[in-house]
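J.: Structure below; questions to follow.
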Amino acid sequence: METEAPLELVGLDAEAEAVYRHLLTRGGGTVDDVVNAVGVEGGRALTLLERLHHNGLVSRRSSGEFLTVDPRHALRALVDSRERQLAAVREAAGPLGAIFDDARRSSMTEPATRTISGPEAVGDCYYRLKQVARYEICALARPPFLLAPNEPLDEAAVRRGVRVRAVYAAASFDAESGWQELGSLVSRGEEARVVAALPVKLAMADRSAAMVSLSLGDAEDECLYTEAPPLLEAFSELFERYWAAAASLSGPGLETPPPAAPDVLGDHGDQARNPTDEERNLLALFAAGVKDDAIARQFGMSTRTLRRRIQDLYAELGTTNRFGAGVAAARRNWV
């Protein structure tokens with residue numbers, strides 16, 4: 001989201017930016033100019049001008065006049081300086097993390113496999129699992145959800161090269177916001193698939209640590225955390241089996257496209273074209289057994305409109321039911 005005072009990102013608040021913009025329109029100015037133009041008292045005006053000078057945005061003459069520097073150079077230098085500072089913070093994360101790990105080891109010896117209870121402890125474990133992932137995050141997701149999706153965390157993982165794969169149970173789309181939340185995650189780089197049902201909830205990082213639900217009720221707040229290789233191997237195989245059997249969901253953010261023109265969905269002679277995102281997503285939700293009412297709610301349309309779209313898809317595939325649609329789509333390599 002854009003900020004009304006973009007220079008806040010490099011340490012200048014809205015007041016300092018207002019002074020800077022005023023100086024840019026005049027090529028510079030004095031303390032009195034700032035007092036008259038911005039409406040601050042003299043001492044405050046001098047402080048703001050000194051801050052701009054310290055950041056290299058203005059130069060100062062011996063006469064007390066402040067002259068602006070070309071912002072294309074000054075701001076670039078300011079951003080470069082902030083990037084170096086942030087890089088130093090990033091480099092400090094490793095040593096500080098080691099101190100944190102040493103303190104945990106000295107205060108308690110945690111087994112490779114343990115039970116974690118309570119929403120705060122489960123949430124902390126879940127977030128740390130995502131933060132430590134270096135190349136892969138795998139998840140089996142089904143309601144009820146104890147934790148809301150953390151989009152910035154997922155986006156940060158994708159940006160650093162982590163592949164995020166998730167299989168969702170069809171019941172994930174019963175809630176009205178389910179499709180929008182999933183679309184937001186997909187738009188950030190998550191790969192999503194859907195199946196009719198899942199027996200557990202699972203989150204796994206780099207095949208080296210995993211957490212799995214121990215209960216599935218509305219008050220579920222207990223999980224098993226493990227770093228034990230035999231369990232990780234079993235969870236990896238479980239995930240890959242569901243991933244291979246699941247139907248893919250596609251499209252930028254999973255937005256529903258506008259209704260297709262009749263000559264597109266009704267042309268039976270065009271057997272070579274690729275499916276639209278809507279067609280692919282409908283087939284995936286069919287395969288998962290999601291009911292028409294739930295699909296319509298997620299697509300933001302009436303059940304009647306959805307059924308017209310489904311009939312268009314059936315006509316395109318030359319069938320009259322979901323099973324036949326799946327068979328015909330498979331023949332076309334649409335699924």
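Going by the structure tokens order, chains are called A, B, ..., each with residues numbered from 1, while ligands are numbered from 1 in the order shown.
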Within 7 Å of stretch 116-123 of chain A, counting only C-alpha atoms, which residues show up once you throw out same-chain ones fewer than 3 positions away? Write them as a compact mmCIF listing (two decimals) with N, CA and C atoms, in the first residue's frame, please.

T.:
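Resulting contents of part39.txt:
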# COMPACT_ATOMS: atom_id res chain seq x y z
N TYR A 126 4.15 -22.42 14.09
CA TYR A 126 3.79 -22.35 12.68
C TYR A 126 4.56 -21.25 11.96
N TYR A 127 4.64 -20.08 12.58
CA TYR A 127 5.33 -18.96 11.95
C TYR A 127 6.83 -19.23 11.87
N LEU A 147 -5.35 -20.60 12.53
CA LEU A 147 -4.57 -19.41 12.20
C LEU A 147 -5.01 -18.84 10.86
N ASP A 221 -6.29 -26.92 19.10
CA ASP A 221 -5.13 -26.07 19.38
C ASP A 221 -3.97 -26.93 19.89
N GLU A 222 -3.86 -28.13 19.35
CA GLU A 222 -2.79 -29.03 19.76
C GLU A 222 -2.20 -29.68 18.50
N CYS A 223 -0.88 -29.75 18.45
CA CYS A 223 -0.23 -30.36 17.30
C CYS A 223 1.01 -31.12 17.75
N LEU A 224 1.49 -31.97 16.84
CA LEU A 224 2.73 -32.70 17.05
C LEU A 224 3.79 -32.03 16.21
N TYR A 225 4.88 -31.64 16.85
CA TYR A 225 6.03 -31.08 16.14
C TYR A 225 7.13 -32.12 16.10

J.: For A:Leu12, work out the shell of residues within 10 Å, counting only C-alpha atoms and skipping chain neighbours fewer than 4 positions away, then give it as a PDB file with all heavy atoms, in the first residue's frame.

T.:
ATOM      1  N   ALA A   5       3.427   9.806   2.583  1.00  0.00           N
ATOM      2  CA  ALA A   5       4.733  10.426   2.828  1.00  0.00           C
ATOM      3  C   ALA A   5       5.814   9.390   2.545  1.00  0.00           C
ATOM      4  O   ALA A   5       6.338   8.769   3.461  1.00  0.00           O
ATOM      5  CB  ALA A   5       4.807  10.931   4.269  1.00  0.00           C
ATOM      6  N   PRO A   6       6.152   9.172   1.259  1.00  0.00           N
ATOM      7  CA  PRO A   6       7.083   8.101   0.904  1.00  0.00           C
ATOM      8  C   PRO A   6       8.466   8.236   1.526  1.00  0.00           C
ATOM      9  O   PRO A   6       9.147   7.241   1.740  1.00  0.00           O
ATOM     10  CB  PRO A   6       7.153   8.176  -0.633  1.00  0.00           C
ATOM     11  CG  PRO A   6       6.664   9.550  -0.975  1.00  0.00           C
ATOM     12  CD  PRO A   6       5.663   9.899   0.072  1.00  0.00           C
ATOM     13  N   LEU A   7       8.873   9.467   1.842  1.00  0.00           N
ATOM     14  CA  LEU A   7      10.213   9.640   2.407  1.00  0.00           C
ATOM     15  C   LEU A   7      10.297   9.155   3.849  1.00  0.00           C
ATOM     16  O   LEU A   7      11.386   9.108   4.419  1.00  0.00           O
ATOM     17  CB  LEU A   7      10.643  11.105   2.309  1.00  0.00           C
ATOM     18  CG  LEU A   7      10.769  11.664   0.892  1.00  0.00           C
ATOM     19  CD1 LEU A   7      11.416  13.034   0.915  1.00  0.00           C
ATOM     20  CD2 LEU A   7      11.570  10.723  -0.004  1.00  0.00           C
ATOM     21  N   GLU A   8       9.137   8.800   4.445  1.00  0.00           N
ATOM     22  CA  GLU A   8       9.175   8.179   5.770  1.00  0.00           C
ATOM     23  C   GLU A   8       9.991   6.897   5.737  1.00  0.00           C
ATOM     24  O   GLU A   8      10.586   6.499   6.734  1.00  0.00           O
ATOM     25  CB  GLU A   8       7.758   7.866   6.260  1.00  0.00           C
ATOM     26  CG  GLU A   8       7.003   9.089   6.734  1.00  0.00           C
ATOM     27  CD  GLU A   8       5.649   8.732   7.323  1.00  0.00           C
ATOM     28  OE1 GLU A   8       5.156   7.623   7.042  1.00  0.00           O
ATOM     29  OE2 GLU A   8       5.087   9.563   8.052  1.00  0.00           O
ATOM     30  N   ALA A  16       8.961  16.939   7.611  1.00  0.00           N
ATOM     31  CA  ALA A  16      10.242  17.161   6.935  1.00  0.00           C
ATOM     32  C   ALA A  16      10.076  17.093   5.424  1.00  0.00           C
ATOM     33  O   ALA A  16      10.681  17.864   4.678  1.00  0.00           O
ATOM     34  CB  ALA A  16      11.269  16.129   7.407  1.00  0.00           C
ATOM     35  N   GLU A  17       9.234  16.190   4.965  1.00  0.00           N
ATOM     36  CA  GLU A  17       9.005  16.078   3.519  1.00  0.00           C
ATOM     37  C   GLU A  17       8.311  17.324   2.984  1.00  0.00           C
ATOM     38  O   GLU A  17       8.601  17.780   1.867  1.00  0.00           O
ATOM     39  CB  GLU A  17       8.182  14.831   3.199  1.00  0.00           C
ATOM     40  CG  GLU A  17       7.979  14.636   1.705  1.00  0.00           C
ATOM     41  CD  GLU A  17       7.316  13.318   1.356  1.00  0.00           C
ATOM     42  OE1 GLU A  17       7.299  12.408   2.195  1.00  0.00           O
ATOM     43  OE2 GLU A  17       6.814  13.206   0.211  1.00  0.00           O
ATOM     44  N   ALA A  18       7.388  17.881   3.764  1.00  0.00           N
ATOM     45  CA  ALA A  18       6.707  19.109   3.327  1.00  0.00           C
ATOM     46  C   ALA A  18       7.707  20.252   3.150  1.00  0.00           C
ATOM     47  O   ALA A  18       7.636  21.026   2.177  1.00  0.00           O
ATOM     48  CB  ALA A  18       5.627  19.485   4.333  1.00  0.00           C
ATOM     49  N   TYR A  20      10.896  19.876   2.514  1.00  0.00           N
ATOM     50  CA  TYR A  20      11.739  19.519   1.367  1.00  0.00           C
ATOM     51  C   TYR A  20      11.039  19.861   0.048  1.00  0.00           C
ATOM     52  O   TYR A  20      11.641  20.435  -0.865  1.00  0.00           O
ATOM     53  CB  TYR A  20      12.077  18.033   1.433  1.00  0.00           C
ATOM     54  CG  TYR A  20      12.963  17.549   0.305  1.00  0.00           C
ATOM     55  CD1 TYR A  20      14.144  18.202  -0.011  1.00  0.00           C
ATOM     56  CD2 TYR A  20      12.604  16.428  -0.437  1.00  0.00           C
ATOM     57  CE1 TYR A  20      14.959  17.754  -1.039  1.00  0.00           C
ATOM     58  CE2 TYR A  20      13.406  15.969  -1.466  1.00  0.00           C
ATOM     59  CZ  TYR A  20      14.586  16.635  -1.772  1.00  0.00           C
ATOM     60  OH  TYR A  20      15.390  16.189  -2.781  1.00  0.00           O
ATOM     61  N   LEU A  48      14.357  20.944  11.141  1.00  0.00           N
ATOM     62  CA  LEU A  48      13.961  20.228   9.929  1.00  0.00           C
ATOM     63  C   LEU A  48      14.965  20.451   8.811  1.00  0.00           C
ATOM     64  O   LEU A  48      15.319  19.517   8.076  1.00  0.00           O
ATOM     65  CB  LEU A  48      12.562  20.667   9.490  1.00  0.00           C
ATOM     66  CG  LEU A  48      11.415  20.272  10.436  1.00  0.00           C
ATOM     67  CD1 LEU A  48      10.117  20.953  10.020  1.00  0.00           C
ATOM     68  CD2 LEU A  48      11.235  18.753  10.459  1.00  0.00           C
ATOM     69  N   ARG A  51      18.004  18.425   9.461  1.00  0.00           N
ATOM     70  CA  ARG A  51      17.774  17.010   9.173  1.00  0.00           C
ATOM     71  C   ARG A  51      17.910  16.740   7.675  1.00  0.00           C
ATOM     72  O   ARG A  51      18.515  15.749   7.251  1.00  0.00           O
ATOM     73  CB  ARG A  51      16.383  16.589   9.650  1.00  0.00           C
ATOM     74  CG  ARG A  51      16.142  15.075   9.522  1.00  0.00           C
ATOM     75  CD  ARG A  51      14.725  14.702   9.890  1.00  0.00           C
ATOM     76  NE  ARG A  51      14.365  15.177  11.227  1.00  0.00           N
ATOM     77  CZ  ARG A  51      13.128  15.113  11.720  1.00  0.00           C
ATOM     78  NH1 ARG A  51      12.147  14.614  10.965  1.00  0.00           N
ATOM     79  NH2 ARG A  51      12.878  15.550  12.931  1.00  0.00           N
ATOM     80  N   LEU A  52      17.358  17.628   6.855  1.00  0.00           N
ATOM     81  CA  LEU A  52      17.500  17.481   5.397  1.00  0.00           C
ATOM     82  C   LEU A  52      18.964  17.584   4.981  1.00  0.00           C
ATOM     83  O   LEU A  52      19.426  16.850   4.106  1.00  0.00           O
ATOM     84  CB  LEU A  52      16.668  18.544   4.677  1.00  0.00           C
ATOM     85  CG  LEU A  52      15.144  18.454   4.852  1.00  0.00           C
ATOM     86  CD1 LEU A  52      14.460  19.648   4.209  1.00  0.00           C
ATOM     87  CD2 LEU A  52      14.606  17.155   4.264  1.00  0.00           C
ATOM     88  N   ASN A  55      20.837  14.418   5.785  1.00  0.00           N
ATOM     89  CA  ASN A  55      20.511  13.333   4.863  1.00  0.00           C
ATOM     90  C   ASN A  55      20.969  13.613   3.429  1.00  0.00           C
ATOM     91  O   ASN A  55      20.671  12.836   2.525  1.00  0.00           O
ATOM     92  CB  ASN A  55      19.008  13.047   4.879  1.00  0.00           C
ATOM     93  CG  ASN A  55      18.580  12.260   6.104  1.00  0.00           C
ATOM     94  OD1 ASN A  55      18.756  11.055   6.184  1.00  0.00           O
ATOM     95  ND2 ASN A  55      18.010  12.952   7.082  1.00  0.00           N
TER      96      ASN A  55
END

J.: Contacts of stretch 31-37 of chain A at 10 Å or less, counting only C-alpha atoms, minus same-chain residues fewer than 3 places along, as a ChimeraX atom specification?

T.: /A:18-20,22-23,28,40-49,64-66

J.: Ranking A:Gln85, A:Thr68, A:Ser62, A:Ser248 by minimum distance to A:Gly29 and counting only C-alpha atoms, which one comes first?

T.: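 Checking each candidate against A:Gly29, we get A:Thr68 as the closest.
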
J.: Identify, on the basis of only C-alpha atoms, every residue whose closest approach to A:Pro230 does not exceed 12 Å; exclude the query and any residue fewer than 6 positions from it along the same chain; express the result as JSON, numbers by chain.

T.: {"A": [112, 113, 207, 208, 209, 210, 236, 237]}

J.: Out of A:Ser81, A:Ser63, A:Asn321, A:Gln298, which residue has the shortest atom-to-atom distance to A:Ala171 when counting only C-alpha atoms?

T.: A:Gln298

J.: Provide the atom CA of A:Leu283 to atom CA of A:Ala157 distance in Å, to one decimal place.

T.: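 Atom-to-atom, atom CA of A:Leu283 to atom CA of A:Ala157, that is 29.2 Å.
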
J.: Which residue out of A:Leu306, A:Cys125, A:Leu24, A:Val162 has the minimum interatomic distance to A:Leu57 when only C-alpha atoms are used?

T.: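 Ranking A:Leu306, A:Cys125, A:Leu24, A:Val162 by distance to A:Leu57, first place goes to A:Leu24.
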